[in-house]
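Enquirer: Next up, start00.cif (mmCIF, C-alpha atoms).
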data_target
loop_
_atom_site.label_atom_id
_atom_site.label_comp_id
_atom_site.auth_asym_id
_atom_site.auth_seq_id
_atom_site.Cartn_x
_atom_site.Cartn_y
_atom_site.Cartn_z
CA MET Q 1 -15.63 14.46 -11.34
CA ARG Q 2 -17.34 13.21 -8.22
CA THR Q 3 -16.17 12.14 -4.81
CA SER Q 4 -17.78 10.02 -2.17
CA HIS Q 5 -16.07 9.57 1.17
CA LEU Q 6 -16.42 8.59 4.79
CA PHE Q 7 -13.54 9.85 6.95
CA PRO Q 8 -13.70 9.58 10.71
CA ARG Q 9 -10.86 11.68 12.10
CA LEU Q 10 -7.64 9.69 12.11
CA ALA Q 11 -4.83 10.50 14.47
CA ALA Q 12 -2.61 13.20 13.06
CA VAL Q 13 0.40 11.27 14.28
CA GLY Q 14 1.54 8.93 11.56
CA VAL Q 15 -0.31 10.19 8.52
CA GLY Q 16 -0.41 13.93 9.01
CA VAL Q 17 -3.35 16.13 8.20
CA LEU Q 18 -5.69 14.38 5.79
CA ALA Q 19 -6.46 16.25 2.63
CA ALA Q 20 -9.94 16.39 1.20
CA VAL Q 21 -10.83 13.27 -0.68
CA ALA Q 22 -9.89 13.45 -4.31
CA LEU Q 23 -11.93 12.03 -7.10
CA ALA Q 24 -10.63 8.86 -8.66
CA GLY Q 25 -11.76 6.48 -11.32
CA CYS Q 26 -11.41 2.80 -11.68
CA SER Q 27 -13.07 -0.02 -13.45
CA VAL Q 28 -14.21 -3.07 -11.61
CA ASP Q 29 -14.67 -6.54 -12.93
CA THR Q 30 -13.80 -10.06 -12.11
CA GLY Q 31 -14.07 -13.29 -13.91
CA MET Q 32 -13.38 -11.70 -17.29
CA GLY Q 33 -9.89 -13.09 -17.59
CA GLY Q 34 -6.82 -11.53 -19.13
CA GLY Q 35 -4.83 -12.48 -22.17
CA GLY Q 36 -5.03 -9.21 -24.05
CA SER Q 37 -8.26 -10.15 -25.82
CA SER Q 38 -11.67 -8.53 -25.73
CA SER Q 39 -13.78 -9.49 -22.73
CA ASP Q 40 -16.81 -9.82 -25.02
CA SER Q 41 -16.62 -10.85 -28.66
CA ASP Q 42 -19.27 -8.24 -29.50
CA LYS Q 43 -17.42 -5.38 -27.82
CA THR Q 44 -15.06 -3.20 -29.80
CA ASP Q 45 -14.31 -0.81 -26.94
CA GLY Q 46 -14.93 -0.38 -23.22
CA LEU Q 47 -17.03 2.77 -23.48
CA GLY Q 48 -20.59 3.15 -22.31
CA ASP Q 49 -23.52 3.70 -24.66
CA ASP Q 50 -23.00 7.46 -24.33
CA GLY Q 51 -19.43 7.21 -25.59
CA THR Q 52 -18.01 8.14 -22.18
CA PHE Q 53 -15.63 5.94 -20.20
CA THR Q 54 -17.02 5.85 -16.66
CA VAL Q 55 -14.76 4.51 -13.94
CA ALA Q 56 -15.68 3.75 -10.32
CA ALA Q 57 -12.53 3.96 -8.20
CA PHE Q 58 -12.31 3.05 -4.55
CA THR Q 59 -9.85 2.77 -1.70
CA ALA Q 60 -10.12 2.12 2.01
CA GLY Q 61 -6.64 3.55 2.50
CA TYR Q 62 -6.93 7.17 1.40
CA GLY Q 63 -5.79 8.22 4.88
CA THR Q 64 -2.38 6.63 4.27
CA PRO Q 65 0.40 8.41 2.36
CA ALA Q 66 0.59 5.77 -0.37
CA GLY Q 67 -3.17 5.58 -0.78
CA LYS Q 68 -3.59 9.32 -1.09
CA LEU Q 69 -0.65 9.79 -3.46
CA ALA Q 70 -1.67 6.98 -5.80
CA MET Q 71 -5.38 7.72 -5.94
CA ASP Q 72 -4.91 11.48 -6.35
CA ASP Q 73 -2.48 10.82 -9.18
CA PHE Q 74 -4.85 8.33 -10.78
CA VAL Q 75 -7.74 10.78 -10.70
CA GLU Q 76 -5.69 13.58 -12.19
CA LYS Q 77 -4.41 11.43 -15.05
CA ALA Q 78 -7.76 9.75 -15.70
CA GLU Q 79 -9.55 13.08 -15.93
CA ALA Q 80 -6.86 14.39 -18.26
CA ASP Q 81 -7.81 11.50 -20.56
CA GLY Q 82 -11.43 12.63 -20.48
CA TRP Q 83 -12.79 9.82 -18.32
CA ASP Q 84 -15.74 10.26 -15.96
CA VAL Q 85 -14.27 9.21 -12.63
CA THR Q 86 -15.70 8.89 -9.14
CA LEU Q 87 -13.52 7.94 -6.18
CA TYR Q 88 -15.18 6.23 -3.23
CA THR Q 89 -13.26 6.15 0.05
CA SER Q 90 -13.68 5.15 3.66
CA ALA Q 91 -11.52 4.75 6.72
CA PHE Q 92 -11.22 0.98 6.17
CA ASP Q 93 -15.02 0.62 6.20
CA TYR Q 94 -15.56 -2.04 3.55
CA ASP Q 95 -19.29 -2.28 4.17
CA LYS Q 96 -19.63 1.30 2.96
CA LEU Q 97 -17.29 0.81 0.03
CA ASN Q 98 -19.11 -2.33 -1.08
CA SER Q 99 -22.42 -0.48 -1.01
CA ASP Q 100 -21.08 2.59 -2.82
CA VAL Q 101 -19.31 0.73 -5.59
CA GLN Q 102 -22.19 -1.69 -6.11
CA ALA Q 103 -24.43 1.34 -6.63
CA ALA Q 104 -21.94 2.84 -9.09
CA ILE Q 105 -21.87 -0.39 -11.07
CA ALA Q 106 -25.67 -0.49 -11.13
CA GLN Q 107 -25.65 3.08 -12.45
CA GLY Q 108 -23.51 2.12 -15.42
CA ALA Q 109 -19.81 2.17 -14.53
CA ASP Q 110 -17.72 0.75 -17.36
CA ALA Q 111 -14.81 -0.37 -15.19
CA VAL Q 112 -13.64 -0.44 -11.57
CA MET Q 113 -10.27 0.67 -10.21
CA ALA Q 114 -9.41 -0.87 -6.84
CA GLY Q 115 -6.77 1.01 -4.88
CA PHE Q 116 -4.96 -1.07 -2.23
CA PRO Q 117 -8.00 -3.32 -1.62
CA ASP Q 118 -8.27 -6.18 0.83
CA PRO Q 119 -9.45 -8.93 -1.55
CA ARG Q 120 -11.04 -10.77 1.36
CA GLN Q 121 -13.51 -7.94 1.95
CA ILE Q 122 -14.79 -6.94 -1.50
CA ALA Q 123 -16.86 -9.97 -2.52
CA PRO Q 124 -20.02 -7.86 -3.12
CA ILE Q 125 -18.11 -5.59 -5.51
CA VAL Q 126 -16.66 -8.58 -7.30
CA GLN Q 127 -20.07 -10.20 -7.71
CA SER Q 128 -21.65 -6.99 -9.00
CA ALA Q 129 -18.83 -6.50 -11.49
CA GLN Q 130 -19.18 -10.07 -12.72
CA ASP Q 131 -22.93 -9.66 -13.10
CA ALA Q 132 -22.41 -6.45 -15.09
CA ASP Q 133 -19.56 -7.97 -17.13
CA ILE Q 134 -17.10 -5.17 -16.35
CA PRO Q 135 -13.43 -5.53 -15.33
CA ILE Q 136 -11.72 -4.71 -12.05
CA PHE Q 137 -8.17 -3.31 -12.30
CA SER Q 138 -6.18 -3.27 -9.06
CA ILE Q 139 -3.20 -1.61 -7.39
CA ASP Q 140 -1.63 -3.62 -4.56
CA GLY Q 141 -4.58 -5.98 -4.25
CA GLY Q 142 -2.76 -8.97 -2.81
CA VAL Q 143 0.39 -11.04 -2.97
CA GLU Q 144 -0.55 -13.48 -5.72
CA ALA Q 145 -2.66 -13.69 -8.86
CA ASN Q 146 -6.38 -13.29 -8.19
CA PRO Q 147 -9.04 -14.15 -10.79
CA ASP Q 148 -11.22 -11.36 -9.41
CA PHE Q 149 -8.88 -8.81 -11.03
CA VAL Q 150 -8.03 -8.56 -14.72
CA VAL Q 151 -4.73 -7.18 -13.48
CA ASP Q 152 -3.15 -6.47 -10.11
CA GLU Q 153 0.16 -4.61 -9.98
CA THR Q 154 2.18 -4.44 -6.79
CA PHE Q 155 5.67 -4.81 -5.33
CA GLY Q 156 7.31 -8.07 -4.30
CA GLN Q 157 6.87 -8.89 -0.62
CA GLN Q 158 9.83 -11.28 -0.51
CA ALA Q 159 12.09 -8.64 -2.03
CA MET Q 160 10.96 -6.08 0.54
CA ALA Q 161 11.56 -8.48 3.40
CA ASP Q 162 14.97 -9.52 2.06
CA GLN Q 163 16.16 -5.97 1.35
CA THR Q 164 15.11 -4.52 4.70
CA LEU Q 165 16.47 -7.47 6.68
CA ALA Q 166 19.80 -7.22 4.89
CA ALA Q 167 19.94 -3.52 5.71
CA LEU Q 168 19.04 -4.14 9.34
CA GLY Q 169 21.76 -6.76 9.55
CA ASP Q 170 24.27 -4.28 8.14
CA ALA Q 171 23.26 -1.69 10.73
CA MET Q 172 23.38 -4.12 13.67
CA GLY Q 173 26.57 -5.87 12.62
CA GLY Q 174 24.78 -9.09 11.77
CA ILE Q 175 21.52 -10.84 12.62
CA GLU Q 176 22.65 -13.77 14.74
CA GLY Q 177 22.25 -13.22 18.47
CA LYS Q 178 20.43 -9.90 18.10
CA ASN Q 179 17.15 -8.92 19.75
CA VAL Q 180 14.73 -7.52 17.19
CA MET Q 181 11.19 -6.19 17.51
CA VAL Q 182 8.92 -6.83 14.51
CA ILE Q 183 5.91 -4.57 14.03
CA GLY Q 184 3.11 -5.69 11.71
CA HIS Q 185 -0.58 -5.28 10.90
CA ASP Q 186 -2.22 -8.55 9.88
CA PRO Q 187 -5.39 -7.09 8.29
CA HIS Q 188 -3.24 -5.71 5.44
CA VAL Q 189 -2.33 -8.68 3.24
CA GLY Q 190 0.97 -7.24 2.05
CA ILE Q 191 2.16 -6.11 5.48
CA HIS Q 192 1.13 -9.44 6.98
CA THR Q 193 3.02 -11.35 4.29
CA ARG Q 194 6.31 -9.45 4.51
CA SER Q 195 6.16 -9.25 8.32
CA THR Q 196 5.68 -13.00 8.58
CA MET Q 197 8.61 -13.48 6.19
CA ALA Q 198 10.71 -11.19 8.39
CA VAL Q 199 9.91 -13.10 11.57
CA GLU Q 200 10.75 -16.43 9.94
CA ALA Q 201 14.01 -15.14 8.46
CA LEU Q 202 15.14 -13.52 11.71
CA GLU Q 203 14.54 -16.71 13.67
CA GLN Q 204 16.27 -18.84 11.02
CA GLU Q 205 19.32 -16.58 11.18
CA GLY Q 206 19.58 -16.82 14.96
CA ALA Q 207 17.94 -13.60 16.11
CA THR Q 208 15.42 -13.37 18.93
CA VAL Q 209 12.09 -11.78 18.05
CA VAL Q 210 11.34 -9.95 21.28
CA GLY Q 211 8.16 -11.06 22.96
CA GLY Q 212 8.21 -14.24 20.90
CA GLU Q 213 6.02 -12.80 18.14
CA MET Q 214 5.46 -9.66 16.11
CA LYS Q 215 3.72 -6.67 17.65
CA GLN Q 216 0.35 -5.94 16.04
CA VAL Q 217 -0.75 -2.39 15.25
CA LEU Q 218 -4.53 -2.13 15.54
CA ASP Q 219 -5.15 0.89 13.29
CA PRO Q 220 -2.86 2.14 10.50
CA GLY Q 221 -4.08 5.66 11.27
CA THR Q 222 -2.52 5.50 14.74
CA SER Q 223 0.43 3.29 13.86
CA ARG Q 224 3.09 5.83 14.75
CA THR Q 225 1.71 6.27 18.25
CA GLU Q 226 1.20 2.54 18.72
CA ALA Q 227 4.76 1.75 17.61
CA LEU Q 228 6.10 4.53 19.84
CA ASN Q 229 4.36 2.88 22.78
CA PHE Q 230 5.56 -0.63 21.86
CA VAL Q 231 9.20 0.43 21.78
CA THR Q 232 9.02 2.82 24.74
CA ASP Q 233 7.44 0.18 26.97
CA TYR Q 234 9.96 -2.46 25.90
CA LEU Q 235 13.00 -0.23 26.43
CA GLN Q 236 11.78 0.83 29.85
CA ALA Q 237 11.52 -2.82 30.89
CA ASN Q 238 14.66 -3.92 29.00
CA PRO Q 239 17.04 -0.93 28.73
CA ASP Q 240 19.77 -2.93 27.00
CA GLY Q 241 17.59 -5.57 25.40
CA LEU Q 242 16.94 -4.25 21.90
CA ASP Q 243 19.24 -4.14 18.88
CA GLY Q 244 16.80 -3.38 16.10
CA VAL Q 245 13.23 -2.79 15.00
CA TRP Q 246 11.86 -4.18 11.74
CA ALA Q 247 8.63 -2.35 10.86
CA GLY Q 248 6.37 -3.34 7.99
CA TRP Q 249 5.74 0.27 6.95
CA ASP Q 250 7.27 3.67 7.60
CA ASP Q 251 4.70 5.25 9.90
CA ALA Q 252 5.30 2.47 12.40
CA ALA Q 253 9.06 2.73 11.82
CA LEU Q 254 8.98 6.46 12.59
CA GLY Q 255 7.17 5.79 15.86
CA ALA Q 256 9.93 3.35 16.79
CA VAL Q 257 12.58 5.93 15.88
CA GLN Q 258 10.93 8.51 18.11
CA ALA Q 259 10.89 6.09 21.04
CA ILE Q 260 14.57 5.23 20.58
CA GLU Q 261 15.58 8.89 20.31
CA GLU Q 262 13.60 9.78 23.43
CA SER Q 263 15.28 6.92 25.31
CA GLY Q 264 18.70 8.39 24.56
CA GLN Q 265 19.99 5.18 22.97
CA ASP Q 266 22.13 5.40 19.86
CA ASP Q 267 22.70 1.73 19.09
CA VAL Q 268 19.20 0.56 18.13
CA HIS Q 269 18.44 0.58 14.40
CA VAL Q 270 15.16 0.67 12.48
CA THR Q 271 14.00 -0.27 8.98
CA GLY Q 272 10.67 0.36 7.27
CA VAL Q 273 8.82 0.25 3.96
CA ASP Q 274 7.46 3.18 1.90
CA ALA Q 275 10.30 5.73 1.69
CA LEU Q 276 8.25 8.58 3.13
CA ALA Q 277 9.90 11.99 2.88
CA GLN Q 278 10.28 12.14 6.67
CA THR Q 279 11.81 8.67 6.74
CA VAL Q 280 14.38 9.55 4.10
CA GLU Q 281 15.27 12.73 5.99
CA LYS Q 282 15.80 10.68 9.15
CA ILE Q 283 18.14 8.37 7.24
CA ARG Q 284 20.09 11.38 5.98
CA GLU Q 285 20.41 12.70 9.54
CA GLY Q 286 22.07 9.49 10.74
CA SER Q 287 19.22 8.76 13.16
CA PRO Q 288 18.17 5.26 14.28
CA MET Q 289 16.22 5.11 10.99
CA TYR Q 290 18.63 3.16 8.81
CA ALA Q 291 16.75 2.02 5.70
CA THR Q 292 13.39 1.83 3.97
CA ALA Q 293 12.12 0.04 0.86
CA SER Q 294 10.70 2.39 -1.77
CA GLN Q 295 7.58 1.46 -3.75
CA ASP Q 296 7.13 3.72 -6.78
CA TRP Q 297 3.35 4.01 -6.86
CA ILE Q 298 3.43 6.77 -9.48
CA SER Q 299 4.87 4.32 -12.02
CA VAL Q 300 2.22 1.79 -11.03
CA VAL Q 301 -0.53 4.36 -11.62
CA ASP Q 302 0.95 5.07 -15.05
CA ASP Q 303 0.76 1.36 -15.86
CA LEU Q 304 -2.85 1.15 -14.67
CA ILE Q 305 -3.81 4.17 -16.76
CA GLY Q 306 -2.30 2.33 -19.74
CA TYR Q 307 -4.26 -0.86 -19.04
CA LEU Q 308 -7.50 1.07 -18.66
CA SER Q 309 -6.84 3.11 -21.80
CA ASP Q 310 -6.38 -0.08 -23.80
CA TYR Q 311 -9.66 -1.40 -22.44
CA ALA Q 312 -11.50 1.85 -23.17
CA ASP Q 313 -10.15 1.97 -26.72
CA SER Q 314 -10.55 -1.66 -27.77
CA ALA Q 315 -11.95 -3.74 -24.86
CA ALA Q 316 -8.49 -5.37 -24.64
CA LEU Q 317 -7.45 -6.78 -21.28
CA PRO Q 318 -3.88 -7.05 -19.94
CA GLU Q 319 -1.75 -10.02 -20.97
CA GLU Q 320 -0.48 -10.51 -17.40
CA THR Q 321 -2.96 -10.67 -14.55
CA PHE Q 322 -0.38 -10.27 -11.74
CA VAL Q 323 2.57 -7.91 -12.07
CA GLU Q 324 5.13 -7.94 -9.25
CA LEU Q 325 7.72 -5.15 -9.28
CA GLU Q 326 11.08 -4.82 -7.52
CA PRO Q 327 11.29 -2.30 -4.66
CA GLU Q 328 14.37 -0.13 -4.12
CA ILE Q 329 16.20 -0.02 -0.79
CA ILE Q 330 17.00 3.47 0.47
CA ASP Q 331 19.83 3.65 3.03
CA PRO Q 332 22.75 5.95 3.90
CA SER Q 333 24.48 5.06 0.64
CA ASN Q 334 21.82 6.62 -1.60
CA ALA Q 335 19.43 8.63 0.58
CA ASP Q 336 20.95 11.97 -0.45
CA ASP Q 337 20.20 11.27 -4.11
CA PHE Q 338 16.71 9.84 -3.61
CA GLU Q 339 13.69 12.07 -4.24
CA PRO Q 340 10.68 10.92 -2.17
CA THR Q 341 7.17 11.09 -3.58
CA LEU Q 342 5.30 9.95 -0.46
CA GLY Q 343 4.60 12.16 2.54
CA ILE Q 344 5.41 15.41 0.75
CA THR Q 345 3.66 18.41 2.30
CA GLU Q 346 2.79 21.28 0.01
#
Rewrite the structure of this file - the entire thing - as structure tokens.
Expert:
Amino acid sequence: MRTSHLFPRLAAVGVGVLAAVALAGCSVDTGMGGGGSSSDSDKTDGLGDDGTFTVAAFTAGYGTPAGKLAMDDFVEKAEADGWDVTLYTSAFDYDKLNSDVQAAIAQGADAVMAGFPDPRQIAPIVQSAQDADIPIFSIDGGVEANPDFVVDETFGQQAMADQTLAALGDAMGGIEGKNVMVIGHDPHVGIHTRSTMAVEALEQEGATVVGGEMKQVLDPGTSRTEALNFVTDYLQANPDGLDGVWAGWDDAALGAVQAIEESGQDDVHVTGVDALAQTVEKIREGSPMYATASQDWISVVDDLIGYLSDYADSAALPEETFVELEPEIIDPSNADDFEPTLGITE
């Protein structure tokens, strides 16, 4: 098992201490199509000439709780199946990832596994995979079907927006007439999509999005601090002018919670996405953190292992190229029974 990584130090606030990069495997290919048939009529399996299944896995988001959990789990399960896996990572440096994975493809990777990729930034990988006639399998690689991936499995953005907005409305006693801060991060396709949905829904239901637009976090690695500053600054200028905070992911939500707690207010409510262990604990405590949408990335990894196994065994590709799963809302009604998988410290 091999690992390649580039990790500038990220702020400890928001993601905690980063673990050493784990090895992960993934097959990359685009333009092969799905449909459960062999990608090449002459191929009877996806193995290399040496009989080994070699997977090049990559993620720019290993410094995030979801990225680390999913890719570590993928590596462990792939290696248990006897695959030769290398995980390439960076702190959102796609130039490095493109170079690393292109080299891995040139050296004979049989497949690519893309973990939480930005499809707008991996064109060199896609082209190399097409040229080598190998498939790319993806986790959370966008919000719609993408011909660059033989399969992309993720969670529904509309469902996440709807669930968290409904929970925020419950906490605030309705949406109409309320002042709500929305915190997003446009470079992440999923966060951008659900945050935009949230802004539109809030305005349609008669809420005021404070500042007239969503707040933009610049770096996911410092999102907790950035969100803390957004909310602190707003509350200092408008002590009674905030009813809720809708955050597109939990690290930002937890920064908002900290700001509200430090302000001494007890009537401002927060929702997030991810169901981090710390978030769930805050919900259990009855803090301003009211709800979060859980995405079960372990089950997604299991599905991807299955797709890749089928390809290794018979060169078969998935029937569906885009799989959208339903998230689960975690709030005071079920937080005590929920067992988090993200943000667990050993």
Enquirer: My list of candidates is Q:Thr64, Q:Ile330, Q:Val151, Q:Ile283. Which is closest to Q:Arg224 when distances are computed with all atoms listed in the file?
Expert: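 Of all the options, Q:Thr64 lies closest to Q:Arg224.
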Enquirer: Care to translate the PyMOL selection byres ((chain Q and resi 243) around 12) into actual residues of this file, as an mmCIF file with C-alpha atoms, keeping the file's coordinate frame?
Expert:
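Just written: out36.cif:
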data_model
loop_
_atom_site.group_PDB
_atom_site.id
_atom_site.type_symbol
_atom_site.label_atom_id
_atom_site.label_comp_id
_atom_site.auth_asym_id
_atom_site.auth_seq_id
_atom_site.Cartn_x
_atom_site.Cartn_y
_atom_site.Cartn_z
ATOM 1 C CA LEU Q 168 19.040 -4.140 9.340
ATOM 2 C CA GLY Q 169 21.760 -6.760 9.550
ATOM 3 C CA ASP Q 170 24.270 -4.280 8.140
ATOM 4 C CA ALA Q 171 23.260 -1.690 10.730
ATOM 5 C CA MET Q 172 23.380 -4.120 13.670
ATOM 6 C CA GLY Q 173 26.570 -5.870 12.620
ATOM 7 C CA GLY Q 174 24.780 -9.090 11.770
ATOM 8 C CA ILE Q 175 21.520 -10.840 12.620
ATOM 9 C CA GLU Q 176 22.650 -13.770 14.740
ATOM 10 C CA GLY Q 177 22.250 -13.220 18.470
ATOM 11 C CA LYS Q 178 20.430 -9.900 18.100
ATOM 12 C CA ASN Q 179 17.150 -8.920 19.750
ATOM 13 C CA VAL Q 180 14.730 -7.520 17.190
ATOM 14 C CA MET Q 181 11.190 -6.190 17.510
ATOM 15 C CA VAL Q 182 8.920 -6.830 14.510
ATOM 16 C CA ALA Q 207 17.940 -13.600 16.110
ATOM 17 C CA THR Q 208 15.420 -13.370 18.930
ATOM 18 C CA VAL Q 209 12.090 -11.780 18.050
ATOM 19 C CA VAL Q 210 11.340 -9.950 21.280
ATOM 20 C CA VAL Q 231 9.200 0.430 21.780
ATOM 21 C CA TYR Q 234 9.960 -2.460 25.900
ATOM 22 C CA LEU Q 235 13.000 -0.230 26.430
ATOM 23 C CA ASN Q 238 14.660 -3.920 29.000
ATOM 24 C CA PRO Q 239 17.040 -0.930 28.730
ATOM 25 C CA ASP Q 240 19.770 -2.930 27.000
ATOM 26 C CA GLY Q 241 17.590 -5.570 25.400
ATOM 27 C CA LEU Q 242 16.940 -4.250 21.900
ATOM 28 C CA GLY Q 244 16.800 -3.380 16.100
ATOM 29 C CA VAL Q 245 13.230 -2.790 15.000
ATOM 30 C CA TRP Q 246 11.860 -4.180 11.740
ATOM 31 C CA ILE Q 260 14.570 5.230 20.580
ATOM 32 C CA GLN Q 265 19.990 5.180 22.970
ATOM 33 C CA ASP Q 266 22.130 5.400 19.860
ATOM 34 C CA ASP Q 267 22.700 1.730 19.090
ATOM 35 C CA VAL Q 268 19.200 0.560 18.130
ATOM 36 C CA HIS Q 269 18.440 0.580 14.400
ATOM 37 C CA VAL Q 270 15.160 0.670 12.480
ATOM 38 C CA THR Q 271 14.000 -0.270 8.980
ATOM 39 C CA PRO Q 288 18.170 5.260 14.280
#
Enquirer: Translate the PyMOL selection byres ((chain Q and resi 149) around 12), as applied to the file shown, into an explicit residue set as a PyMOL selection string.
Expert: chain Q and resi 26-34+111-115+117+119+122-123+125-127+129-130+134-142+144-148+150-153+317-318+320-323
Enquirer: Can you work out which one of Q:Ala159, Q:Ala247, Q:Ala166, Q:Ile344 has the shortest atom-to-atom distance to Q:His192, counting only C-alpha atoms?
Expert: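 Using only C-alpha atoms, the shortest distance to Q:His192 belongs to Q:Ala247.
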Enquirer: Enter the distance from atom CA of Q:Val300 to atom CA of Q:Thr59, in Å, rounded to one decimal.
Expert: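 Spanning atom CA of Q:Val300 to atom CA of Q:Thr59 is a straight-line distance of 15.3 Å.
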Enquirer: So which one's closest to Q:Ala335, Q:Asp95, Q:Glu203, Q:Glu281, Q:Asp84? Using only C-alpha atoms, please.
Expert: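 Residue with the minimum atom-to-atom distance to Q:Ala335: Q:Glu281.
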Enquirer: How many Å lie between atom CA of Q:Thr341 and atom CA of Q:Arg194, rounded to one decimal?
Expert: 22.1 Å
Enquirer: I'd like the residues picked by the PyMOL selection byres ((chain Q and resi 65) around 8) written out as an mmCIF file with C-alpha atoms, keeping the file's coordinate frame, using the chain letters and numbers from the file.
Expert:
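Writing the result to part34.cif gives the following:
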data_model
loop_
_atom_site.group_PDB
_atom_site.id
_atom_site.type_symbol
_atom_site.label_atom_id
_atom_site.label_comp_id
_atom_site.auth_asym_id
_atom_site.auth_seq_id
_atom_site.Cartn_x
_atom_site.Cartn_y
_atom_site.Cartn_z
ATOM 1 C CA VAL Q 15 -0.310 10.190 8.520
ATOM 2 C CA TYR Q 62 -6.930 7.170 1.400
ATOM 3 C CA GLY Q 63 -5.790 8.220 4.880
ATOM 4 C CA THR Q 64 -2.380 6.630 4.270
ATOM 5 C CA ALA Q 66 0.590 5.770 -0.370
ATOM 6 C CA GLY Q 67 -3.170 5.580 -0.780
ATOM 7 C CA LYS Q 68 -3.590 9.320 -1.090
ATOM 8 C CA LEU Q 69 -0.650 9.790 -3.460
ATOM 9 C CA LEU Q 276 8.250 8.580 3.130
ATOM 10 C CA LEU Q 342 5.300 9.950 -0.460
ATOM 11 C CA GLY Q 343 4.600 12.160 2.540
#
Enquirer: How big is the axis-aligned box around the listed atoms of stretch 77-88 of chain Q once 4 Å is added on each side, and where is its centre? Give both in Å to one decimal, as lines of an AutoDock Vina configuration file.
Expert:
center_x = -10.1
center_y = 10.3
center_z = -11.9
size_x = 19.3
size_y = 16.2
size_z = 25.3
Enquirer: Please measure the separation of atom CA of Q:Asp313 and atom CA of Q:Asn98, giving the value in Å to one decimal.
Expert: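 Computing it gives 27.5 Å between the two atoms.
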Enquirer: Please list as a list of chain:residue names every residue within 9 Å of Q:Ser99, counting all atoms listed in the file and excluding residues in the same chain fewer than 5 positions away.
Expert: Q:Tyr94, Q:Ala104, Q:Pro124, Q:Ile125
Enquirer: Give the answer as one residue: which of Q:Asp72, Q:Asp310, Q:Asp133, Q:Asp331 has the shortest atom-to-atom distance to Q:Ile105, using only C-alpha atoms?
Expert: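 With only C-alpha atoms as the atom set, the closest residue is Q:Asp133.
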